[in-house]
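S.K.: Before I ask anything, here is the structure I am working with.
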Amino acid sequence: MPSVKFLLACRVLPALALLAACAHGSSDETKSESEQELTTLYQRTCGGRLAQACFEQAERLRTGDGVTKDVARAATLHELGCNGDDLRACVALGELKEEGRGVAKDEAEAARLYARGCERDLPEGCGHLALLYGEGRGVAKDLAQAVRLYERGCAGDDRLSCNNLGVLKLMGGFGVEQDVAAGMGMLVQACNRSLGVACLTVAREFDQGVRTRKDARLASSYFRMACGMGAQEACTSANAAVVAKPEPTPAVTPEEGAKLDGVRAMCELGTGVGLGMACHMMGTAYEKGAGVAVNPGRATMFYQRACDHEVPEACGDVRRMLGLTADGAKAEGPKPSVLQSLQLDPAKTAPEKPKPSVLQSLQLDAGKVSANAKPAPRASVDRWKEECQDGKGEGDACARLGAVLLEGSAGLQVDVKRGMKLLEDACLKRAPAACVRLWSVLSSGDEALKIGPAPLVGLAFLETGCEARDGGDACNLLGMALTNTPRPYANLGKGIQAWRDGCLGHEDTNSCVLFLAMTRKLAASGPEALRADAQGSIPGIQAHACKARMKDACEALGQPMPKDVLRVRHLRTDCDAGDPDACADLALKYRQANEGSRFATVERNLEEELRVAEKGCAGGSSDACWQLAKRSSEERVAGVPRDLEAAFARSELACAMKSGDACELLAKLLREHRHLGPDAPQVQEARARACLYWPASWREKQCAK
């Protein structure tokens, strides 16, 4: 029997670059002169690229993946990245220092680097640091601390931590009481995260049958998985003949594939009593190979989710899949059809009582929903309600909520009085988007909202917005309004001043275009006393216009276009600080640039667009999730291949977060790629949800039926 230490995974070599990217920034810690020099070097070396790209280049150099292997250079890049506050680079540098590869061996410094990542919630750092505490390398040996760190790492889904803690619980070690159930569960979790040694350990348990039930079928599946992940011992096991054969994936018709996708989405995104049963069905599919390749690890995961949502038989299935119960019955073979396997054949399923409309079918009966059911993904509008606090909270949240109330989107009814009040509160709190929205309503009135024109009030709001941070749009609109000479409130001098403020103060491209054009006009044909001053000020204005990415101005000065403007830099800072709405807005800026917009305010960078959109979606922005869904559904946009699986998952997620556009995209994907007709229930439901969440004016045009 292998020892505990032998089974502990000492290193996770596959690229950490597969993990979610974190943007680099300045550390809050006081830096020495040498550290400041490293920061400068890092900005020069990697500052023009996403930290993820720099990290991946270092990993390629470390492994020789497509480039000449150069571990010393990889260590240098990881050190620069770590100094730039990329925590993944800190952990990777810790590995090299621990092993003495490319740098001098220094286990104490490796422990410090691991601790830096662990303390800031990078679970990989916890797993590596736990290994050092367990063996007393670089730190004083402390088995209890090692266990605590493994627990923290596994809670963050670090596969190294889950594997090592699973081994300790499986066998009992480091003072951990033996718990075969917990140990097997953690090992399966690590196996699901593609750690071959974890799959190999599970396979051996089923093969030997000492602590768990002996099960040749499960042993073969896990040996096969471990072999596919590079665990050579699995490939030469007693089951080698079976391992050499990949798990077959049954042929699936488009209709069956759509049905299975619907079951998966219900499990992962749904609510109510149906969620647990959907997860149990997915567990059955993965266990028996119905429409998907046999994967006992995933089957266990889905059964566990079903158990967590009060499906009693699923709890027994979890114990059976972990080898904790007797299983004398002969395993049932794959059934000929996914629909039959999951018992979803319409002819064999009792029809539900028809409801008057699809819209009504979407209304949940709160009395029939389990109290412990998984909640639906939180919609942005619900977060804004909480953050706005009816006008007393954050200005940006009130601005966004007020706009939604005026248009009646995201499932809310139009509420003009409350919407206008929230916008006013937000504008006075220096949220420029609210000020601009108020002007759009008040400048000429809005007949549909029954709001009469009040342009002077609107101008006052624009002035407030122009004075706020990132108030470039407000300054530009204020200048246009005040230079509109037919209007009784026109004031040419104040209008030019507004453009000046927008250009020089906010780096607003439109303001710069108009301010420079007006200055040139004054220099050419203005009053004699102003011509010379206007002509002399043009180079200075051009310099500011170039900063605002006005191409003609940069070319006139012989200067390169800057990579972004002030507004983009603020959005990036806010996004990295955890504001999902800022991430969504920033992703849109990058999308405009990547699609070649001549008014782009940032240089092209598809990788950064995807990074910030992912961050925004993960943080709860339905708009960011919708942008990701749209990008995934597009065919080879900017060199990125279409990912239909991601498009389906993301559109369903964004639709559940009350994005009408995402629901409409989901309906389109179902028609075009699942080959469902317009009357198919899934398509009708997606369209109905789109009609629930679209603005009221759209519903009148698009949803008449």
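Order determines the names: the first chain of the structure tokens is A, the second B, and so forth; residues in each chain are numbered 1 upward, and ligands are numbered 1 upward as they are shown.
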Pick out each residue of range 63-258 of chain A that DSSP on the backbone tags as alpha helix (DSSP H); I need them as a PyMOL selection string.
M.R.: chain A and resi 63+71-83+87-99+107-119+123-135+143-155+159-171+180-192+196-208+216-228+232-235+240-243+254-258
S.K.: Set the distance at 8 Å and use only C-alpha atoms: which residues neighbour range 655-665 of chain A once local chain neighbours fewer than 4 positions away are removed? I'd like the list as a PyMOL selection string.
M.R.: chain A and resi 269+376-380+410-411+622-623+626+629-630+651+669+686-687+689-694
S.K.: Identify which of the residues A:Gly616, A:Gly458, A:Gly153, A:Gly558 lies closest to Gly445 in chain A, counting only C-alpha atoms when measuring atom-to-atom distances.
M.R.: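 The closest residue to Gly445 in chain A is A:Gly458.
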S.K.: Which one of A:Val210, A:Ala688, A:Leu132, A:Leu514 sits closest to Leu477 in chain A if you count only C-alpha atoms?
M.R.: A:Leu514
S.K.: I need the residue nearest Gly228 in chain A from this list: A:Ser597, A:Asn295, A:Ser194, A:Gln559. Use only C-alpha atoms for the distance.
M.R.: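 Of the candidates, the smallest distance to Gly228 in chain A is held by A:Ser194.
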S.K.: Would you please work out which residue, of A:Ala490, A:Cys427, A:Leu653, A:Leu606, is nearest to Arg631 in chain A when using only C-alpha atoms?
M.R.: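 The closest residue to Arg631 in chain A is A:Leu606.
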S.K.: Just the residues within 6 Å of range 578-586 of chain A, please, counting only C-alpha atoms, with nothing from its chain fewer than 5 positions along; format it as an MDAnalysis selection string.
M.R.: chainID A and resid 571 612:613 616 619 621 624
S.K.: Write a file of the just-selected residues containing N, CA and C atoms, as an mmCIF file, in the first residue's frame.
M.R.:
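Saved file selection_39.cif follows:
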```cif
data_model
loop_
_atom_site.group_PDB
_atom_site.id
_atom_site.type_symbol
_atom_site.label_atom_id
_atom_site.label_comp_id
_atom_site.auth_asym_id
_atom_site.auth_seq_id
_atom_site.Cartn_x
_atom_site.Cartn_y
_atom_site.Cartn_z
ATOM 1 N N LEU A 571 -12.266 53.470 -15.647
ATOM 2 C CA LEU A 571 -13.049 52.235 -15.690
ATOM 3 C C LEU A 571 -12.187 51.039 -15.326
ATOM 4 N N VAL A 612 -12.000 41.505 -18.960
ATOM 5 C CA VAL A 612 -12.843 42.374 -18.136
ATOM 6 C C VAL A 612 -14.303 41.963 -18.234
ATOM 7 N N ALA A 613 -14.711 41.425 -19.392
ATOM 8 C CA ALA A 613 -16.089 40.934 -19.505
ATOM 9 C C ALA A 613 -16.302 39.735 -18.585
ATOM 10 N N GLY A 616 -16.517 41.065 -15.075
ATOM 11 C CA GLY A 616 -17.807 41.711 -14.833
ATOM 12 C C GLY A 616 -18.934 40.709 -14.701
ATOM 13 N N GLY A 619 -18.788 38.993 -11.482
ATOM 14 C CA GLY A 619 -19.163 39.892 -10.400
ATOM 15 C C GLY A 619 -20.644 40.204 -10.350
ATOM 16 N N SER A 621 -22.665 41.308 -13.367
ATOM 17 C CA SER A 621 -23.181 42.234 -14.372
ATOM 18 C C SER A 621 -23.842 41.441 -15.493
ATOM 19 N N ALA A 624 -22.361 42.384 -18.878
ATOM 20 C CA ALA A 624 -21.081 41.740 -19.183
ATOM 21 C C ALA A 624 -21.302 40.305 -19.634
#
```
S.K.: Determine, counting only C-alpha atoms, which protein, DNA and RNA residues have an atom within 8 Å of an atom of Arg567 in chain A; residues of the same chain fewer than 6 positions away are not included. Present the result as a PyMOL selection string.
M.R.: chain A and resi 470+506-507
S.K.: Taking only C-alpha atoms into account, name the residue in A:Asn476, A:Gln178, A:Ser221, A:Thr485 that is nearest to Asp508 in chain A.
M.R.: A:Asn476
S.K.: Excluding Asn163 in chain A and any residue of its chain fewer than 5 positions from it, enumerate the residues within 9 Å of it, using only C-alpha atoms, and give them as a ChimeraX atom specification.
M.R.: /A:7-9,154,158,168,183,186-191,195,197-198
S.K.: To one decimal in Å, tell me the separation between CA of Gln682 in chain A and CA of Cys267 in chain A.
M.R.: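 Distance between the two atoms: 15.5 Å.
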S.K.: Can you tell me which residues surround range 102-109 of chain A at a distance of at most 6 Å, considering only C-alpha atoms, apart from same-chain residues fewer than 6 positions away, and format the answer as an MDAnalysis selection string?
M.R.: chainID A and resid 71:72 138
S.K.: Keeping only C-alpha atoms, write the selected residues to a file as a PDB file, in the first residue's frame.
M.R.:
```pdb
ATOM      1  CA  VAL A  71      13.714  28.599 -17.043  1.00  0.00           C
ATOM      2  CA  ALA A  72      15.929  31.479 -15.927  1.00  0.00           C
ATOM      3  CA  GLY A 138      11.368  26.927   4.614  1.00  0.00           C
TER       4      GLY A 138
END
```
S.K.: Excluding Phe515 in chain A and any residue of its chain fewer than 5 positions from it, enumerate the residues within 8 Å of it, using only C-alpha atoms, and give them as a list in words.
M.R.: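 Non-adjacent residues within range: Ile496, Trp499, Arg500 and Cys503 of chain A.
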S.K.: Please dump the current selection as a PDB file, in the first residue's frame; keep C-alpha atoms.
M.R.:
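Listing of again.pdb after writing:
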```pdb
ATOM      1  CA  ILE A 496     -16.933  76.838 -26.197  1.00  0.00           C
ATOM      2  CA  TRP A 499     -16.012  71.945 -24.948  1.00  0.00           C
ATOM      3  CA  ARG A 500     -12.745  73.215 -23.523  1.00  0.00           C
ATOM      4  CA  CYS A 503     -11.373  68.224 -23.952  1.00  0.00           C
TER       5      CYS A 503
END
```
S.K.: Find the residue from A:Ala649, A:Leu275, A:Leu406, A:Leu401 that sits nearest to Val381 in chain A; use only C-alpha atoms when measuring.
M.R.: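 Selected residue with least distance to Val381 in chain A: A:Leu401.
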